[in-house]
Each structure stands twice: as structure tokens, then as C-alpha cells.
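So this block is data_3.cif, mmCIF, N, CA and C atoms:
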```
data_target
loop_
_atom_site.label_atom_id
_atom_site.label_comp_id
_atom_site.auth_asym_id
_atom_site.auth_seq_id
_atom_site.Cartn_x
_atom_site.Cartn_y
_atom_site.Cartn_z
N MET A 1 42.04 126.16 83.24
CA MET A 1 43.30 126.84 82.98
C MET A 1 44.12 126.04 81.97
N ASN A 2 44.75 126.75 81.07
CA ASN A 2 45.64 126.13 80.10
C ASN A 2 46.83 125.53 80.86
N GLU A 3 47.12 124.25 80.64
CA GLU A 3 48.15 123.56 81.40
C GLU A 3 49.55 124.10 81.10
N LYS A 4 49.74 124.78 79.97
CA LYS A 4 51.05 125.31 79.64
C LYS A 4 51.35 126.60 80.41
N ILE A 5 50.34 127.24 80.94
CA ILE A 5 50.52 128.52 81.61
C ILE A 5 51.00 128.29 83.05
N HIS A 6 52.12 128.89 83.37
CA HIS A 6 52.73 128.79 84.70
C HIS A 6 52.57 130.16 85.36
N GLN A 7 51.60 130.28 86.25
CA GLN A 7 51.25 131.58 86.82
C GLN A 7 52.40 132.19 87.63
N GLY A 8 53.13 131.38 88.37
CA GLY A 8 54.27 131.90 89.12
C GLY A 8 55.32 132.50 88.22
N ARG A 9 55.61 131.81 87.13
CA ARG A 9 56.58 132.32 86.16
C ARG A 9 56.07 133.62 85.54
N ASN A 10 54.75 133.70 85.32
CA ASN A 10 54.17 134.93 84.77
C ASN A 10 54.33 136.09 85.75
N VAL A 11 54.14 135.81 87.04
CA VAL A 11 54.35 136.86 88.05
C VAL A 11 55.78 137.37 87.93
N LYS A 12 56.73 136.45 87.83
CA LYS A 12 58.14 136.83 87.72
C LYS A 12 58.38 137.66 86.45
N ARG A 13 57.82 137.23 85.32
CA ARG A 13 58.02 137.95 84.06
C ARG A 13 57.51 139.38 84.17
N PHE A 14 56.26 139.52 84.66
CA PHE A 14 55.69 140.86 84.76
C PHE A 14 56.45 141.71 85.78
N ARG A 15 56.85 141.12 86.89
CA ARG A 15 57.60 141.85 87.92
C ARG A 15 58.91 142.36 87.32
N GLU A 16 59.61 141.50 86.58
CA GLU A 16 60.88 141.90 85.96
C GLU A 16 60.68 142.94 84.87
N MET A 17 59.61 142.78 84.06
CA MET A 17 59.33 143.76 83.01
C MET A 17 59.05 145.13 83.61
N LEU A 18 58.45 145.14 84.80
CA LEU A 18 58.12 146.39 85.47
C LEU A 18 59.28 146.92 86.30
N GLY A 19 60.37 146.16 86.35
CA GLY A 19 61.55 146.60 87.08
C GLY A 19 61.37 146.58 88.59
N ILE A 20 60.55 145.65 89.08
CA ILE A 20 60.27 145.55 90.52
C ILE A 20 61.04 144.38 91.10
N LYS A 21 61.80 144.64 92.14
CA LYS A 21 62.55 143.58 92.82
C LYS A 21 61.61 142.75 93.68
N GLN A 22 62.03 141.53 93.98
CA GLN A 22 61.22 140.65 94.83
C GLN A 22 60.96 141.30 96.19
N GLU A 23 61.97 141.98 96.75
CA GLU A 23 61.82 142.63 98.05
C GLU A 23 60.73 143.70 98.00
N ALA A 24 60.72 144.48 96.92
CA ALA A 24 59.74 145.55 96.78
C ALA A 24 58.32 144.98 96.66
N LEU A 25 58.18 143.88 95.91
CA LEU A 25 56.87 143.24 95.79
C LEU A 25 56.42 142.70 97.15
N ALA A 26 57.36 142.14 97.90
CA ALA A 26 57.04 141.63 99.24
C ALA A 26 56.52 142.75 100.13
N ILE A 27 57.15 143.91 100.06
CA ILE A 27 56.71 145.06 100.85
C ILE A 27 55.30 145.47 100.44
N GLU A 28 55.04 145.47 99.14
CA GLU A 28 53.71 145.83 98.64
C GLU A 28 52.63 144.86 99.16
N LEU A 29 53.00 143.59 99.32
CA LEU A 29 52.03 142.58 99.73
C LEU A 29 51.79 142.57 101.24
N GLY A 30 52.70 143.12 102.01
CA GLY A 30 52.46 143.23 103.45
C GLY A 30 53.46 142.50 104.32
N ASP A 31 53.22 142.59 105.64
CA ASP A 31 54.16 142.09 106.64
C ASP A 31 54.45 140.60 106.55
N ASP A 32 53.50 139.81 106.06
CA ASP A 32 53.70 138.37 106.00
C ASP A 32 54.66 137.95 104.88
N TRP A 33 55.08 138.89 104.06
CA TRP A 33 55.85 138.57 102.87
C TRP A 33 57.30 138.99 103.01
N ASN A 34 58.17 138.22 102.31
CA ASN A 34 59.59 138.56 102.21
C ASN A 34 60.10 138.07 100.86
N GLN A 35 61.35 138.37 100.56
CA GLN A 35 61.92 138.01 99.25
C GLN A 35 61.86 136.51 99.01
N LYS A 36 62.18 135.72 100.04
CA LYS A 36 62.19 134.26 99.87
C LYS A 36 60.80 133.73 99.53
N LYS A 37 59.78 134.29 100.18
CA LYS A 37 58.40 133.86 99.91
C LYS A 37 57.98 134.20 98.48
N ILE A 38 58.43 135.37 98.00
CA ILE A 38 58.14 135.75 96.61
C ILE A 38 58.83 134.78 95.66
N SER A 39 60.08 134.44 95.96
CA SER A 39 60.83 133.50 95.13
C SER A 39 60.10 132.15 95.05
N LEU A 40 59.62 131.66 96.18
CA LEU A 40 58.88 130.39 96.20
C LEU A 40 57.57 130.50 95.43
N LEU A 41 56.91 131.65 95.58
CA LEU A 41 55.64 131.88 94.88
C LEU A 41 55.84 131.82 93.36
N GLU A 42 56.95 132.40 92.90
CA GLU A 42 57.23 132.45 91.46
C GLU A 42 57.53 131.07 90.88
N GLN A 43 57.71 130.08 91.74
CA GLN A 43 57.94 128.71 91.27
C GLN A 43 56.64 127.91 91.20
N LYS A 44 55.55 128.45 91.76
CA LYS A 44 54.28 127.73 91.77
C LYS A 44 53.59 127.81 90.41
N GLU A 45 53.09 126.69 89.97
CA GLU A 45 52.41 126.66 88.68
C GLU A 45 51.06 127.38 88.74
N THR A 46 50.31 127.17 89.83
CA THR A 46 49.03 127.85 89.99
C THR A 46 49.03 128.63 91.30
N ILE A 47 48.30 129.73 91.29
CA ILE A 47 48.22 130.61 92.45
C ILE A 47 46.75 130.80 92.79
N ASP A 48 46.42 130.73 94.08
CA ASP A 48 45.03 130.92 94.53
C ASP A 48 44.49 132.25 94.05
N ASP A 49 43.19 132.28 93.73
CA ASP A 49 42.56 133.47 93.18
C ASP A 49 42.74 134.71 94.05
N GLY A 50 42.56 134.57 95.36
CA GLY A 50 42.69 135.72 96.25
C GLY A 50 44.08 136.33 96.19
N LEU A 51 45.09 135.47 96.23
CA LEU A 51 46.47 135.93 96.16
C LEU A 51 46.78 136.49 94.78
N LEU A 52 46.21 135.87 93.75
CA LEU A 52 46.40 136.36 92.39
C LEU A 52 45.89 137.79 92.27
N GLN A 53 44.75 138.08 92.89
CA GLN A 53 44.18 139.43 92.86
C GLN A 53 45.11 140.41 93.58
N GLN A 54 45.67 139.98 94.72
CA GLN A 54 46.60 140.83 95.47
C GLN A 54 47.85 141.13 94.65
N LEU A 55 48.38 140.10 94.01
CA LEU A 55 49.58 140.27 93.19
C LEU A 55 49.31 141.23 92.03
N ALA A 56 48.17 141.03 91.39
CA ALA A 56 47.82 141.90 90.26
C ALA A 56 47.71 143.35 90.72
N ALA A 57 47.09 143.57 91.88
CA ALA A 57 46.95 144.93 92.40
C ALA A 57 48.32 145.52 92.73
N ALA A 58 49.19 144.72 93.33
CA ALA A 58 50.53 145.19 93.68
C ALA A 58 51.35 145.53 92.44
N LEU A 59 51.19 144.73 91.39
CA LEU A 59 51.92 144.96 90.14
C LEU A 59 51.21 145.95 89.22
N LYS A 60 49.98 146.31 89.60
CA LYS A 60 49.14 147.24 88.81
C LYS A 60 48.90 146.73 87.40
N ILE A 61 48.57 145.42 87.34
CA ILE A 61 48.21 144.79 86.06
C ILE A 61 46.94 143.98 86.29
N PRO A 62 46.20 143.66 85.23
CA PRO A 62 45.01 142.82 85.41
C PRO A 62 45.39 141.40 85.83
N ALA A 63 44.60 140.81 86.71
CA ALA A 63 44.85 139.43 87.16
C ALA A 63 44.84 138.48 85.96
N GLU A 64 44.01 138.80 84.97
CA GLU A 64 43.92 137.95 83.78
C GLU A 64 45.26 137.85 83.06
N ALA A 65 46.08 138.90 83.15
CA ALA A 65 47.39 138.86 82.50
C ALA A 65 48.25 137.75 83.12
N ILE A 66 48.20 137.65 84.45
CA ILE A 66 48.97 136.61 85.13
C ILE A 66 48.38 135.23 84.83
N GLU A 67 47.06 135.16 84.82
CA GLU A 67 46.37 133.87 84.61
C GLU A 67 46.55 133.34 83.19
N ASN A 68 46.57 134.22 82.22
CA ASN A 68 46.44 133.79 80.82
C ASN A 68 47.67 133.99 79.95
N PHE A 69 48.70 134.70 80.42
CA PHE A 69 49.84 134.96 79.55
C PHE A 69 50.56 133.67 79.23
N ASP A 70 50.67 133.39 77.96
CA ASP A 70 51.35 132.19 77.48
C ASP A 70 52.46 132.64 76.54
N GLU A 71 53.69 132.56 77.02
CA GLU A 71 54.84 133.06 76.25
C GLU A 71 54.94 132.39 74.88
N GLU A 72 54.72 131.08 74.84
CA GLU A 72 54.81 130.35 73.57
C GLU A 72 53.79 130.88 72.57
N GLN A 73 52.57 131.10 73.07
CA GLN A 73 51.51 131.62 72.20
C GLN A 73 51.85 133.03 71.71
N ALA A 74 52.40 133.86 72.60
CA ALA A 74 52.77 135.23 72.23
C ALA A 74 53.85 135.21 71.16
N ILE A 75 54.83 134.33 71.32
CA ILE A 75 55.91 134.22 70.32
C ILE A 75 55.34 133.77 68.98
N ASN A 76 54.40 132.81 69.00
CA ASN A 76 53.79 132.35 67.76
C ASN A 76 53.03 133.49 67.07
N ILE A 77 52.31 134.28 67.83
CA ILE A 77 51.55 135.40 67.26
C ILE A 77 52.52 136.40 66.62
N ILE A 78 53.59 136.73 67.34
CA ILE A 78 54.57 137.69 66.83
C ILE A 78 55.24 137.14 65.58
N SER A 79 55.64 135.88 65.60
CA SER A 79 56.32 135.33 64.44
C SER A 79 55.39 135.22 63.23
N ASN A 80 54.10 134.98 63.48
CA ASN A 80 53.14 134.94 62.37
C ASN A 80 52.90 136.32 61.78
N LYS A 81 52.93 137.34 62.62
CA LYS A 81 52.69 138.71 62.14
C LYS A 81 53.88 139.25 61.38
N PHE A 82 55.09 138.90 61.81
CA PHE A 82 56.29 139.46 61.22
C PHE A 82 57.18 138.38 60.62
N ASP A 83 56.55 137.37 60.04
CA ASP A 83 57.28 136.25 59.48
C ASP A 83 58.25 136.70 58.40
N ASN A 84 59.50 136.32 58.56
CA ASN A 84 60.57 136.60 57.59
C ASN A 84 60.74 138.08 57.27
N CYS A 85 60.32 138.94 58.19
CA CYS A 85 60.47 140.39 58.02
C CYS A 85 59.86 140.88 56.71
N ASN A 86 58.74 140.28 56.29
CA ASN A 86 58.09 140.70 55.06
C ASN A 86 57.36 142.02 55.20
N GLN A 87 57.21 142.50 56.43
CA GLN A 87 56.53 143.77 56.65
C GLN A 87 57.43 144.90 56.18
N PRO A 88 56.85 145.96 55.61
CA PRO A 88 57.68 147.09 55.17
C PRO A 88 58.33 147.76 56.38
N ALA A 89 59.54 148.23 56.16
CA ALA A 89 60.30 148.86 57.25
C ALA A 89 59.61 150.11 57.78
N SER A 90 58.80 150.75 56.96
CA SER A 90 58.14 151.99 57.38
C SER A 90 57.19 151.76 58.56
N VAL A 91 56.79 150.53 58.79
CA VAL A 91 55.93 150.22 59.94
C VAL A 91 56.59 150.71 61.22
N PHE A 92 57.90 150.61 61.28
CA PHE A 92 58.61 150.96 62.49
C PHE A 92 58.90 152.46 62.58
N TYR A 93 58.85 153.18 61.47
CA TYR A 93 59.15 154.61 61.50
C TYR A 93 57.96 155.44 61.94
N ASN A 94 56.77 154.93 61.82
CA ASN A 94 55.57 155.70 62.13
C ASN A 94 55.09 155.50 63.57
N SER A 95 55.94 154.98 64.40
CA SER A 95 55.56 154.70 65.78
C SER A 95 55.28 155.98 66.55
N THR A 96 54.21 155.97 67.33
CA THR A 96 53.87 157.12 68.16
C THR A 96 54.45 156.95 69.56
N ILE A 97 55.13 155.86 69.80
CA ILE A 97 55.72 155.62 71.12
C ILE A 97 57.11 156.24 71.15
N ASN A 98 57.31 157.10 72.13
CA ASN A 98 58.62 157.71 72.31
C ASN A 98 59.35 156.92 73.39
N PRO A 99 60.43 156.22 73.03
CA PRO A 99 61.11 155.38 74.02
C PRO A 99 61.63 156.18 75.21
N LEU A 100 62.07 157.41 74.99
CA LEU A 100 62.56 158.22 76.10
C LEU A 100 61.44 158.54 77.08
N GLU A 101 60.25 158.84 76.54
CA GLU A 101 59.11 159.10 77.43
C GLU A 101 58.76 157.85 78.22
N GLN A 102 58.80 156.69 77.57
CA GLN A 102 58.50 155.44 78.26
C GLN A 102 59.53 155.17 79.36
N LEU A 103 60.80 155.43 79.07
CA LEU A 103 61.86 155.23 80.05
C LEU A 103 61.67 156.18 81.23
N LEU A 104 61.37 157.43 80.94
CA LEU A 104 61.11 158.41 82.00
C LEU A 104 59.94 157.97 82.87
N LYS A 105 58.89 157.49 82.23
CA LYS A 105 57.70 157.04 82.96
C LYS A 105 58.05 155.90 83.91
N VAL A 106 58.83 154.94 83.43
CA VAL A 106 59.23 153.81 84.26
C VAL A 106 60.06 154.30 85.45
N HIS A 107 61.00 155.23 85.19
CA HIS A 107 61.82 155.75 86.28
C HIS A 107 60.99 156.54 87.27
N GLU A 108 60.02 157.31 86.80
CA GLU A 108 59.14 158.06 87.70
C GLU A 108 58.33 157.11 88.58
N GLU A 109 57.86 156.02 87.99
CA GLU A 109 57.11 155.03 88.76
C GLU A 109 58.00 154.38 89.81
N LYS A 110 59.26 154.09 89.44
CA LYS A 110 60.19 153.50 90.40
C LYS A 110 60.45 154.48 91.55
N ILE A 111 60.67 155.74 91.21
CA ILE A 111 60.92 156.75 92.24
C ILE A 111 59.72 156.86 93.17
N ALA A 112 58.52 156.85 92.61
CA ALA A 112 57.31 156.92 93.42
C ALA A 112 57.23 155.71 94.36
N LEU A 113 57.57 154.53 93.85
CA LEU A 113 57.55 153.33 94.68
C LEU A 113 58.56 153.45 95.81
N TYR A 114 59.78 153.89 95.50
CA TYR A 114 60.80 154.04 96.54
C TYR A 114 60.39 155.09 97.56
N GLU A 115 59.80 156.20 97.09
CA GLU A 115 59.34 157.23 98.02
C GLU A 115 58.26 156.66 98.95
N ARG A 116 57.35 155.87 98.39
CA ARG A 116 56.31 155.26 99.20
C ARG A 116 56.92 154.30 100.22
N MET A 117 57.93 153.52 99.77
CA MET A 117 58.60 152.59 100.68
C MET A 117 59.30 153.35 101.81
N LEU A 118 59.96 154.48 101.47
CA LEU A 118 60.63 155.27 102.49
C LEU A 118 59.63 155.86 103.48
N LYS A 119 58.51 156.33 102.96
CA LYS A 119 57.47 156.88 103.82
C LYS A 119 56.95 155.80 104.78
N GLU A 120 56.70 154.61 104.26
CA GLU A 120 56.23 153.50 105.09
C GLU A 120 57.28 153.14 106.15
N LYS A 121 58.55 153.17 105.76
CA LYS A 121 59.63 152.88 106.71
C LYS A 121 59.64 153.94 107.81
N ASP A 122 59.52 155.22 107.44
CA ASP A 122 59.50 156.29 108.43
C ASP A 122 58.32 156.14 109.37
N GLU A 123 57.15 155.78 108.82
CA GLU A 123 55.98 155.59 109.66
C GLU A 123 56.18 154.43 110.62
N MET A 124 56.81 153.36 110.14
CA MET A 124 57.06 152.19 110.97
C MET A 124 58.05 152.56 112.08
N MET A 125 59.08 153.32 111.73
CA MET A 125 60.07 153.75 112.73
C MET A 125 59.41 154.61 113.80
N ALA A 126 58.50 155.51 113.39
CA ALA A 126 57.80 156.36 114.34
C ALA A 126 56.95 155.50 115.29
N ARG A 127 56.27 154.49 114.75
CA ARG A 127 55.47 153.59 115.59
C ARG A 127 56.35 152.83 116.57
N LEU A 128 57.50 152.36 116.09
CA LEU A 128 58.43 151.64 116.96
C LEU A 128 58.95 152.55 118.08
N GLU A 129 59.28 153.80 117.74
CA GLU A 129 59.76 154.74 118.74
C GLU A 129 58.69 154.98 119.79
N LYS A 130 57.42 155.10 119.37
CA LYS A 130 56.33 155.30 120.32
C LYS A 130 56.20 154.09 121.23
N LEU A 131 56.33 152.89 120.64
CA LEU A 131 56.26 151.67 121.45
C LEU A 131 57.38 151.62 122.49
N ILE A 132 58.58 151.99 122.07
CA ILE A 132 59.74 151.97 122.97
C ILE A 132 59.56 153.00 124.08
N GLU A 133 59.11 154.20 123.72
CA GLU A 133 58.88 155.26 124.71
C GLU A 133 57.77 154.88 125.68
N GLY A 134 56.79 154.12 125.22
CA GLY A 134 55.66 153.72 126.06
C GLY A 134 56.02 152.73 127.14
N LYS A 135 57.17 152.08 127.02
CA LYS A 135 57.56 151.07 128.02
C LYS A 135 58.11 151.68 129.27
#
```
Rewrite the coordinates I just gave you, this time as C-alpha cells.
Amino acid sequence: MNEKIHQGRNVKRFREMLGIKQEALAIELGDDWNQKKISLLEQKETIDDGLLQQLAAALKIPAEAIENFDEEQAINIISNKFDNCNQPASVFYNSTINPLEQLLKVHEEKIALYERMLKEKDEMMARLEKLIEGK
């Protein structure tokens, strides 16, 4: 592993880019997780492979992204490609990416996540009610 790569920080970066709160990621990872545990995890330089796979699945990104993302390297690549803005401005006008569609997609994904969380909460409440009634 490249010593400059901080996997915990990468988890935090990707989680924030995806608009996922620590609490939501904890819910995705299961009962053993909470916001504080996610916070501590994001401070770890290296993460065990098994947990890395779980995190990647929860964030819906490849594990390699967490393992290999090097912010300094990415900045160097970007600055080398667009050094001193020598690229013609038309590069930006021909974009096929519609920012509104991207924003809608992110919001739809968030809504789906919240709906899933609500459904899980309802299921948990139903199980608790059955346990209470069973006593």
C-alpha cells in the first residue's frame, strides 16, 4: 500500500461526496455500528480487507477506490491536464453531463436510502412489539 494513502480519510471523502451521514453508514453496516464507531474508523490509516469490502458495498463504490485514492496524486493529474487554463474554453461547453440530472439522481438515491431506513425501522419496531406481546 502507498504510505500516503489514508484509507479512513478516503472513506470519509467518499461518504461526504455521496452525501451520506455517519449515522446512515452505521445503519448500512449493521447493529454493531454507530456514528462514533464510523468517526473512529475514518481516523484509521489502514482498514482490514473484510471491513473494507463491507464499506465499499455500503457506499456502492469499488473497494479499490478506498484503497488507492490519493488526493495529492489526483490534484497533480488535474493540474497537469489543465495547467494555466491553456485548454480551450469550448471543452466545457460540450459536456454531456447535465448537472440537474446528476442532482436529481443524488436526491433520488438519498430518498431511496431514507425509505429503506424507515422500512428497516418499521420492521424493527414490529419485531419489538412481537417480543413485548410475547412476554
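Taking atom N of Tyr114 in chain A as the reference point, atom C of Ala26 in chain A is found at 12.5 Å.
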Which residue of A:Ile20, A:Lys121, A:Gln7, A:Ala126 approaches Glu45 in chain A most closely, using only N, CA and C atoms: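 Among the listed residues, A:Gln7 lies closest to Glu45 in chain A.
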One-decimal distance in Å that lies between CA of Glu108 in chain A and CA of Ala24 in chain A: 15.5 Å
Among the residues A:Met17, A:Ser39, A:Asn10, A:Asn34, the one that comes closest to Leu52 in chain A [using only C-alpha atoms]: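 Going through A:Met17, A:Ser39, A:Asn10, A:Asn34 one by one, the smallest distance to Leu52 in chain A is for A:Asn10.
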Who sits within 7 Å of Gly8 in chain A, all atoms listed in the file, same chain under 2 positions skipped, as an MDAnalysis selection string: chainID A and resid 5:6 10:13 41:47
For range 104-115 of chain A, supply N, CA, C and O atoms and report the output as a compact mmCIF listing (two decimals), keeping the file's coordinate frame.
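Wrote it out as part-v3.txt, contents follow:
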```txt
# COMPACT_ATOMS: atom_id res chain seq x y z
N LEU A 104 61.37 157.43 80.94
CA LEU A 104 61.11 158.41 82.00
C LEU A 104 59.94 157.97 82.87
O LEU A 104 59.98 158.09 84.09
N LYS A 105 58.89 157.49 82.23
CA LYS A 105 57.70 157.04 82.96
C LYS A 105 58.05 155.90 83.91
O LYS A 105 57.64 155.90 85.07
N VAL A 106 58.83 154.94 83.43
CA VAL A 106 59.23 153.81 84.26
C VAL A 106 60.06 154.30 85.45
O VAL A 106 59.83 153.89 86.59
N HIS A 107 61.00 155.23 85.19
CA HIS A 107 61.82 155.75 86.28
C HIS A 107 60.99 156.54 87.27
O HIS A 107 61.21 156.45 88.48
N GLU A 108 60.02 157.31 86.80
CA GLU A 108 59.14 158.06 87.70
C GLU A 108 58.33 157.11 88.58
O GLU A 108 58.15 157.36 89.76
N GLU A 109 57.86 156.02 87.99
CA GLU A 109 57.11 155.03 88.76
C GLU A 109 58.00 154.38 89.81
O GLU A 109 57.57 154.15 90.95
N LYS A 110 59.26 154.09 89.44
CA LYS A 110 60.19 153.50 90.40
C LYS A 110 60.45 154.48 91.55
O LYS A 110 60.46 154.08 92.71
N ILE A 111 60.67 155.74 91.21
CA ILE A 111 60.92 156.75 92.24
C ILE A 111 59.72 156.86 93.17
O ILE A 111 59.88 156.91 94.39
N ALA A 112 58.52 156.85 92.61
CA ALA A 112 57.31 156.92 93.42
C ALA A 112 57.23 155.71 94.36
O ALA A 112 56.87 155.85 95.53
N LEU A 113 57.57 154.53 93.85
CA LEU A 113 57.55 153.33 94.68
C LEU A 113 58.56 153.45 95.81
O LEU A 113 58.24 153.16 96.97
N TYR A 114 59.78 153.89 95.50
CA TYR A 114 60.80 154.04 96.54
C TYR A 114 60.39 155.09 97.56
O TYR A 114 60.61 154.92 98.76
N GLU A 115 59.80 156.20 97.09
CA GLU A 115 59.34 157.23 98.02
C GLU A 115 58.26 156.66 98.95
O GLU A 115 58.26 156.94 100.14
```
